[in-house]
Amino acid sequence: MPPTPTTPPDRGEPRIRDRSDACPGALRLHAADDGRLARLRLPGGLLTEHQLRVLATAAERLGDGALSVTSRGNAELRGLADGCGAELAELLRDAGLLPAEAHERVRNVVASPLAGLDGLGSADVQLWARELDALLCASDRAARLSGRFLFALDDGRGDVAGLGADVTLLAGTDGRAVLRVGRHAFRVRATDAARAALAAAEAFLTAAAGAGTGAWRVRELPEGQDIDVDGWLVRAGVAAEPLPLLTGTECSTPDPAPGPPVDRPEGPGTGPLPGVVEGPDGWTVSVAAPLGRLTVAQLRQLLPAPADEVRLTPWRGVVVPGFADRGTARARLDTLGRAGLVTGTDSPWWGVGACTGRPGCAKSLADVRADVTPGRGGLPVYWSGCERRCGRPQGEYVDVVATGDGAYRVTAHGTSVPVPSRAELEGTIATARTRTTK
């Protein structure tokens with residue numbers, strides 16, 4: 001079972017948000033200890049070749065020379081100077097990365113990274129992501145969503161459906177999709193999927209206003225506060241079949257849509273495995289960024305992009321589609337491996353993640369990226385500089401949390417072990433990664 005949060009959800013009094021969401025964006029920069037931070041929302045993780053070149057230029061000219069991939073498949077630029085906001089905004093605007101400035105922080109849309117590429121899944125949900133993004137940017141009401149509100153569009157393989165989104169769409173094989181928001185679930189036509197997701201978000205905004213607690217996300221609504229999803233679907237003209245209310249357990253796990261399950265090997269956190277993938281229209285290269293960081297040199301090795309696109313994944317990876325044959329795809333994979341990216345599950349960096357830590361984060365108790373010990377096999381490992389565990393993965397993992405003065409606490413399989421010195425960490429984590437039979 002995953003580690004127990006240090007601060008469990010309050011089942012009594014509802015959480016009160018007495019301020020607006022301060023989540024950083026591309027225009028609202030965050031003052032971190034290593035400089036300003038910009039977070040760019042990329043619906044479906046999609047970047048064109050030109051946009052990737054622009055981000056590489058921005059990282060090199062204005063930032064610390066690298067791009068961070070977030071657990072939502074978004075991108076961060078760190079180490080920005082205090083006065084660079086206007087120049088950065090101009091670069092992003094010219095590249096089409098700011099389609100609606102009032103909405104730039106609410107475009108949090110994750111989608112199955114291999115949708116439409118490997119012949120698996122029941123729908124190309126990347127198309128849903130583009131439609132939903134356009135609907136969000138055209139809605140004045142949607143601009144009121146928190147920068148933390150999340151949409152997940154799953155093509156039926158169950159990869160992003162388990163990411164704890166506020167609104168989830170799960171494609172079925174019968175031309176329909178399952179819409180989930182909180183305890184509510186509906187079956188809608190696939191052609192209405194994006195409109196249904198927007199209607200569900202609007203229903204949340206109404207419920208949040210009624211609750212008066214300033215909730216940023218669906219799970220923050222007080223117990224008993226209903227969400228009139230049905231009513232907002234009717235207003236949007238979306239025909240929907242109500243499904244039985246979900247229990248607390250079902251709300252956090254994939255709910256099968258109509259059709260047979262997709263049989264595909266999964267990596268840590270259910271993300272795409274690194275390597276080359278064959279599809280009906282060509283080959284795709286999948287790699288992971290060590291600790292979620294891509295240097296400018298590595299970004300440029302991703303180019304040229306045969307299909308004029310790359311996709312960042314919620315598992316801090318990159319998918320490059322469009323290769324005509326396996327040999328060409330394999331040659332690019334080898335090039336990316338030489339550049340330091342993770343190209344196979346035998347890499348000691350596969351399944352190892354970390355937050356920013358010191359010196360970038362003032363709240364961190366350690367330079368976790370310097371302390372990370374790579375390893376092979378077993379559960380994924382995530383290193384955190386403090387109890388907040390920013391960017392931690394979903395599902396079961398080895399939880400390594402700094403406790404100060406060079407010490408850490410390692411938690412796995414429901415058991416926590418204090419580790420007083422860095423020298424003892426490698427052996428403790430290797431033991432914790434081993435799966436146990438329950």
# chains A, B, ... in the order shown; residues from 1 in each chain; ligands from 1

$ residues_around --residues "region 274-284 of chain A" --least-positions-apart "2" --cutoff "7 Å" --atoms "only C-alpha atoms" --output "PDB file with N, CA and C atoms, in the first residue's frame"
ATOM      1  N   LEU A 117      -1.114   6.145 -31.355  1.00  0.00           N
ATOM      2  CA  LEU A 117       0.219   5.835 -31.871  1.00  0.00           C
ATOM      3  C   LEU A 117       0.518   4.343 -31.936  1.00  0.00           C
ATOM      4  N   ASP A 118       0.079   3.571 -30.947  1.00  0.00           N
ATOM      5  CA  ASP A 118       0.487   2.165 -30.861  1.00  0.00           C
ATOM      6  C   ASP A 118      -0.608   1.172 -31.224  1.00  0.00           C
ATOM      7  N   GLY A 119      -1.756   1.659 -31.688  1.00  0.00           N
ATOM      8  CA  GLY A 119      -2.829   0.753 -32.074  1.00  0.00           C
ATOM      9  C   GLY A 119      -3.633   0.215 -30.921  1.00  0.00           C
ATOM     10  N   PRO A 272       4.444   4.886 -20.099  1.00  0.00           N
ATOM     11  CA  PRO A 272       5.009   4.115 -21.206  1.00  0.00           C
ATOM     12  C   PRO A 272       6.423   3.630 -20.887  1.00  0.00           C
ATOM     13  N   SER A 286      10.124   6.255 -27.072  1.00  0.00           N
ATOM     14  CA  SER A 286       9.743   6.673 -25.723  1.00  0.00           C
ATOM     15  C   SER A 286      10.977   6.660 -24.824  1.00  0.00           C
ATOM     16  N   VAL A 287      11.222   7.774 -24.136  1.00  0.00           N
ATOM     17  CA  VAL A 287      12.354   7.883 -23.217  1.00  0.00           C
ATOM     18  C   VAL A 287      11.880   8.544 -21.932  1.00  0.00           C
ATOM     19  N   ALA A 288      12.704   8.455 -20.906  1.00  0.00           N
ATOM     20  CA  ALA A 288      12.427   9.134 -19.638  1.00  0.00           C
ATOM     21  C   ALA A 288      13.566  10.087 -19.323  1.00  0.00           C
ATOM     22  N   VAL A 319       7.685  11.295 -25.494  1.00  0.00           N
ATOM     23  CA  VAL A 319       7.303  10.406 -26.581  1.00  0.00           C
ATOM     24  C   VAL A 319       7.500  11.162 -27.893  1.00  0.00           C
ATOM     25  N   VAL A 320       8.239  10.558 -28.818  1.00  0.00           N
ATOM     26  CA  VAL A 320       8.499  11.173 -30.125  1.00  0.00           C
ATOM     27  C   VAL A 320       7.943  10.243 -31.197  1.00  0.00           C
ATOM     28  N   PRO A 321       6.814  10.580 -31.823  1.00  0.00           N
ATOM     29  CA  PRO A 321       6.206   9.704 -32.832  1.00  0.00           C
ATOM     30  C   PRO A 321       6.663  10.039 -34.253  1.00  0.00           C
ATOM     31  N   GLY A 322       6.252   9.172 -35.201  1.00  0.00           N
ATOM     32  CA  GLY A 322       6.385   9.499 -36.606  1.00  0.00           C
ATOM     33  C   GLY A 322       7.537   8.885 -37.353  1.00  0.00           C
ATOM     34  N   PHE A 323       8.266   7.948 -36.774  1.00  0.00           N
ATOM     35  CA  PHE A 323       9.389   7.329 -37.479  1.00  0.00           C
ATOM     36  C   PHE A 323       8.865   6.297 -38.477  1.00  0.00           C
ATOM     37  N   ALA A 324       9.476   6.285 -39.655  1.00  0.00           N
ATOM     38  CA  ALA A 324       8.970   5.450 -40.742  1.00  0.00           C
ATOM     39  C   ALA A 324       9.271   3.973 -40.546  1.00  0.00           C
ATOM     40  N   ASP A 325      10.360   3.649 -39.854  1.00  0.00           N
ATOM     41  CA  ASP A 325      10.730   2.246 -39.693  1.00  0.00           C
ATOM     42  C   ASP A 325      11.444   2.049 -38.361  1.00  0.00           C
ATOM     43  N   ARG A 326      11.585   0.807 -37.969  1.00  0.00           N
ATOM     44  CA  ARG A 326      12.190   0.490 -36.675  1.00  0.00           C
ATOM     45  C   ARG A 326      13.643   0.928 -36.619  1.00  0.00           C
ATOM     46  N   ALA A 329      13.917   4.614 -35.887  1.00  0.00           N
ATOM     47  CA  ALA A 329      13.513   4.868 -34.503  1.00  0.00           C
ATOM     48  C   ALA A 329      14.580   4.395 -33.530  1.00  0.00           C
ATOM     49  N   ARG A 330      15.157   3.233 -33.812  1.00  0.00           N
ATOM     50  CA  ARG A 330      16.177   2.689 -32.920  1.00  0.00           C
ATOM     51  C   ARG A 330      17.426   3.566 -32.922  1.00  0.00           C
ATOM     52  N   LEU A 333      16.733   6.439 -30.684  1.00  0.00           N
ATOM     53  CA  LEU A 333      16.766   5.990 -29.291  1.00  0.00           C
ATOM     54  C   LEU A 333      18.210   5.882 -28.805  1.00  0.00           C
ATOM     55  N   VAL A 342      16.940   8.084 -20.324  1.00  0.00           N
ATOM     56  CA  VAL A 342      16.644   6.698 -19.976  1.00  0.00           C
ATOM     57  C   VAL A 342      15.969   6.040 -21.167  1.00  0.00           C
ATOM     58  N   THR A 343      16.616   5.030 -21.746  1.00  0.00           N
ATOM     59  CA  THR A 343      16.102   4.394 -22.959  1.00  0.00           C
ATOM     60  C   THR A 343      15.732   2.930 -22.754  1.00  0.00           C
ATOM     61  N   GLY A 344      15.861   2.421 -21.537  1.00  0.00           N
ATOM     62  CA  GLY A 344      15.502   1.038 -21.261  1.00  0.00           C
ATOM     63  C   GLY A 344      15.227   0.834 -19.794  1.00  0.00           C
ATOM     64  N   THR A 345      14.498  -0.214 -19.464  1.00  0.00           N
ATOM     65  CA  THR A 345      14.151  -0.476 -18.064  1.00  0.00           C
ATOM     66  C   THR A 345      15.336  -1.005 -17.264  1.00  0.00           C
TER      67      THR A 345
END

$ residues_around --residues "region 311-316 of chain A" --least-positions-apart "3" --cutoff "6 Å" --atoms "only C-alpha atoms" --output "JSON, numbers by chain"
{"A": [45, 46, 69, 71, 72, 73, 271, 292, 319]}

$ write_last_selection --atoms "all heavy atoms" --output "PDB file, in the first residue's frame"
ATOM      1  N   GLY A  45       0.335  17.184 -22.992  1.00  0.00           N
ATOM      2  CA  GLY A  45       1.793  17.170 -23.063  1.00  0.00           C
ATOM      3  C   GLY A  45       2.351  17.539 -24.417  1.00  0.00           C
ATOM      4  O   GLY A  45       3.546  17.374 -24.666  1.00  0.00           O
ATOM      5  N   LEU A  46       1.505  18.058 -25.309  1.00  0.00           N
ATOM      6  CA  LEU A  46       1.888  18.238 -26.705  1.00  0.00           C
ATOM      7  C   LEU A  46       2.723  19.491 -26.934  1.00  0.00           C
ATOM      8  O   LEU A  46       2.392  20.580 -26.471  1.00  0.00           O
ATOM      9  CB  LEU A  46       0.632  18.313 -27.575  1.00  0.00           C
ATOM     10  CG  LEU A  46       0.863  18.428 -29.085  1.00  0.00           C
ATOM     11  CD1 LEU A  46       1.532  17.173 -29.621  1.00  0.00           C
ATOM     12  CD2 LEU A  46      -0.466  18.678 -29.795  1.00  0.00           C
ATOM     13  N   VAL A  69      10.160  18.425 -16.381  1.00  0.00           N
ATOM     14  CA  VAL A  69       8.882  17.835 -16.754  1.00  0.00           C
ATOM     15  C   VAL A  69       8.136  17.510 -15.466  1.00  0.00           C
ATOM     16  O   VAL A  69       8.665  16.825 -14.590  1.00  0.00           O
ATOM     17  CB  VAL A  69       9.070  16.562 -17.591  1.00  0.00           C
ATOM     18  CG1 VAL A  69       7.718  16.016 -18.054  1.00  0.00           C
ATOM     19  CG2 VAL A  69       9.962  16.839 -18.795  1.00  0.00           C
ATOM     20  N   SER A  71       4.733  16.210 -12.979  1.00  0.00           N
ATOM     21  CA  SER A  71       3.921  15.004 -12.855  1.00  0.00           C
ATOM     22  C   SER A  71       2.583  15.136 -13.564  1.00  0.00           C
ATOM     23  O   SER A  71       1.760  14.218 -13.526  1.00  0.00           O
ATOM     24  CB  SER A  71       3.692  14.667 -11.372  1.00  0.00           C
ATOM     25  OG  SER A  71       3.034  15.728 -10.721  1.00  0.00           O
ATOM     26  N   ARG A  72       2.340  16.269 -14.219  1.00  0.00           N
ATOM     27  CA  ARG A  72       1.149  16.438 -15.048  1.00  0.00           C
ATOM     28  C   ARG A  72       1.512  16.587 -16.529  1.00  0.00           C
ATOM     29  O   ARG A  72       0.683  16.993 -17.337  1.00  0.00           O
ATOM     30  CB  ARG A  72       0.344  17.654 -14.575  1.00  0.00           C
ATOM     31  CG  ARG A  72      -0.255  17.453 -13.191  1.00  0.00           C
ATOM     32  CD  ARG A  72      -1.067  18.645 -12.765  1.00  0.00           C
ATOM     33  NE  ARG A  72      -1.865  18.350 -11.572  1.00  0.00           N
ATOM     34  CZ  ARG A  72      -2.840  19.124 -11.112  1.00  0.00           C
ATOM     35  NH1 ARG A  72      -3.116  20.258 -11.745  1.00  0.00           N
ATOM     36  NH2 ARG A  72      -3.523  18.782 -10.039  1.00  0.00           N
ATOM     37  N   GLY A  73       2.755  16.283 -16.859  1.00  0.00           N
ATOM     38  CA  GLY A  73       3.187  16.413 -18.242  1.00  0.00           C
ATOM     39  C   GLY A  73       3.316  17.851 -18.687  1.00  0.00           C
ATOM     40  O   GLY A  73       3.307  18.154 -19.891  1.00  0.00           O
ATOM     41  N   GLY A 271       3.324   4.395 -16.609  1.00  0.00           N
ATOM     42  CA  GLY A 271       3.698   5.181 -17.774  1.00  0.00           C
ATOM     43  C   GLY A 271       4.273   4.310 -18.876  1.00  0.00           C
ATOM     44  O   GLY A 271       4.560   3.127 -18.685  1.00  0.00           O
ATOM     45  N   GLY A 292      13.444  13.873 -14.027  1.00  0.00           N
ATOM     46  CA  GLY A 292      12.525  14.824 -14.641  1.00  0.00           C
ATOM     47  C   GLY A 292      13.166  16.060 -15.238  1.00  0.00           C
ATOM     48  O   GLY A 292      12.469  17.033 -15.524  1.00  0.00           O
ATOM     49  N   VAL A 319       7.685  11.295 -25.494  1.00  0.00           N
ATOM     50  CA  VAL A 319       7.303  10.406 -26.581  1.00  0.00           C
ATOM     51  C   VAL A 319       7.500  11.162 -27.893  1.00  0.00           C
ATOM     52  O   VAL A 319       7.003  12.287 -28.043  1.00  0.00           O
ATOM     53  CB  VAL A 319       5.835   9.952 -26.425  1.00  0.00           C
ATOM     54  CG1 VAL A 319       5.330   9.269 -27.684  1.00  0.00           C
ATOM     55  CG2 VAL A 319       5.690   9.024 -25.222  1.00  0.00           C
TER      56      VAL A 319
END

$ residues_around --residues "region 15-27 of chain A" --least-positions-apart "5" --cutoff "7 Å" --atoms "only C-alpha atoms" --output "PyMOL selection string"
chain A and resi 38-40+85+89+104-105+146-147+213-215+220

$ write_last_selection --atoms "N, CA and C atoms" --output "short mmCIF file (atom, residue, chain, number, x, y, z; two decimals), in the first residue's frame"
data_model
loop_
_atom_site.label_atom_id
_atom_site.label_comp_id
_atom_site.auth_asym_id
_atom_site.auth_seq_id
_atom_site.Cartn_x
_atom_site.Cartn_y
_atom_site.Cartn_z
N ALA A 38 8.80 29.43 -13.92
CA ALA A 38 7.63 29.51 -14.79
C ALA A 38 7.12 28.11 -15.08
N ARG A 39 5.81 27.92 -14.96
CA ARG A 39 5.20 26.62 -15.26
C ARG A 39 4.27 26.78 -16.45
N LEU A 40 4.53 26.00 -17.50
CA LEU A 40 3.78 26.09 -18.74
C LEU A 40 2.83 24.91 -18.85
N GLY A 85 10.34 38.38 -17.17
CA GLY A 85 8.97 37.95 -17.41
C GLY A 85 8.41 38.40 -18.74
N ALA A 89 7.35 35.93 -21.81
CA ALA A 89 5.97 35.94 -22.31
C ALA A 89 5.92 36.17 -23.81
N GLU A 104 -4.26 30.62 -18.91
CA GLU A 104 -3.03 29.84 -19.07
C GLU A 104 -2.74 28.91 -17.90
N ARG A 105 -3.23 29.20 -16.70
CA ARG A 105 -2.95 28.32 -15.56
C ARG A 105 -3.97 27.20 -15.39
N SER A 146 -9.11 26.69 -10.44
CA SER A 146 -7.80 26.75 -9.80
C SER A 146 -6.73 26.23 -10.76
N GLY A 147 -5.52 26.71 -10.58
CA GLY A 147 -4.39 26.21 -11.35
C GLY A 147 -4.04 24.78 -11.00
N THR A 213 -16.28 27.44 0.80
CA THR A 213 -15.03 27.08 1.47
C THR A 213 -13.81 27.41 0.62
N GLY A 214 -14.03 27.96 -0.58
CA GLY A 214 -12.91 28.30 -1.44
C GLY A 214 -12.20 27.10 -2.02
N ALA A 215 -12.92 25.98 -2.20
CA ALA A 215 -12.29 24.74 -2.68
C ALA A 215 -11.64 24.94 -4.03
N GLU A 220 -11.78 18.62 -2.27
CA GLU A 220 -11.80 19.58 -1.17
C GLU A 220 -13.20 20.06 -0.81
#

$ residues_around --residues "region 222-237 of chain A" --least-positions-apart "2" --cutoff "12 Å" --atoms "only C-alpha atoms" --output "number ranges by chain"
A: 9-17, 135, 166-167, 179-189, 192-220, 239-243, 245, 248

$ select_by_dssp --residues "region 293-361 of chain A" --states "helix (DSSP H, G or I)" --output "PyMOL selection string"
chain A and resi 296-301+326-338

$ atom_distance --atom1 "CA of Ala81 (chain A)" --atom2 "CA of Thr356 (chain A)"
18.0 Å

$ residues_around --residues "region 123-127 of chain A" --least-positions-apart "3" --cutoff "7 Å" --atoms "only C-alpha atoms" --output "ChimeraX atom specification"
/A:44,111-112,115-116,130-131,153-155,171

$ write_last_selection --atoms "N, CA and C atoms" --output "PDB file, in the first residue's frame"
ATOM      1  N   GLY A  44      -2.353  17.606 -22.890  1.00  0.00           N
ATOM      2  CA  GLY A  44      -1.914  16.373 -23.515  1.00  0.00           C
ATOM      3  C   GLY A  44      -0.410  16.240 -23.607  1.00  0.00           C
ATOM      4  N   ALA A 111      -3.355  13.372 -20.948  1.00  0.00           N
ATOM      5  CA  ALA A 111      -3.972  12.414 -21.857  1.00  0.00           C
ATOM      6  C   ALA A 111      -3.022  11.242 -22.050  1.00  0.00           C
ATOM      7  N   SER A 112      -3.571  10.080 -22.369  1.00  0.00           N
ATOM      8  CA  SER A 112      -2.743   8.896 -22.597  1.00  0.00           C
ATOM      9  C   SER A 112      -1.666   9.218 -23.632  1.00  0.00           C
ATOM     10  N   ALA A 115      -1.752   7.424 -27.067  1.00  0.00           N
ATOM     11  CA  ALA A 115      -3.039   7.380 -27.757  1.00  0.00           C
ATOM     12  C   ALA A 115      -2.859   7.712 -29.239  1.00  0.00           C
ATOM     13  N   GLY A 116      -3.426   6.865 -30.091  1.00  0.00           N
ATOM     14  CA  GLY A 116      -3.353   7.084 -31.519  1.00  0.00           C
ATOM     15  C   GLY A 116      -2.042   6.683 -32.153  1.00  0.00           C
ATOM     16  N   ARG A 130      -7.182  18.506 -27.434  1.00  0.00           N
ATOM     17  CA  ARG A 130      -7.142  19.750 -28.213  1.00  0.00           C
ATOM     18  C   ARG A 130      -8.507  20.438 -28.210  1.00  0.00           C
ATOM     19  N   GLU A 131      -9.576  19.635 -28.335  1.00  0.00           N
ATOM     20  CA  GLU A 131     -10.914  20.221 -28.307  1.00  0.00           C
ATOM     21  C   GLU A 131     -11.225  20.807 -26.929  1.00  0.00           C
ATOM     22  N   LEU A 153      -7.722  12.426 -19.582  1.00  0.00           N
ATOM     23  CA  LEU A 153      -8.378  11.838 -20.739  1.00  0.00           C
ATOM     24  C   LEU A 153      -7.681  10.515 -21.053  1.00  0.00           C
ATOM     25  N   ASP A 154      -8.343   9.414 -20.746  1.00  0.00           N
ATOM     26  CA  ASP A 154      -7.754   8.080 -20.839  1.00  0.00           C
ATOM     27  C   ASP A 154      -8.336   7.346 -22.038  1.00  0.00           C
ATOM     28  N   ASP A 155      -7.464   6.760 -22.865  1.00  0.00           N
ATOM     29  CA  ASP A 155      -7.943   6.106 -24.085  1.00  0.00           C
ATOM     30  C   ASP A 155      -8.445   4.691 -23.850  1.00  0.00           C
ATOM     31  N   ALA A 171     -12.249   6.321 -22.385  1.00  0.00           N
ATOM     32  CA  ALA A 171     -12.818   5.917 -23.662  1.00  0.00           C
ATOM     33  C   ALA A 171     -13.245   4.464 -23.640  1.00  0.00           C
TER      34      ALA A 171
END

$ closest_residue --among "A:Leu221, A:Leu341, A:Val410, A:Val285" --to "Val310 (chain A)" --atoms "only C-alpha atoms"
A:Val285
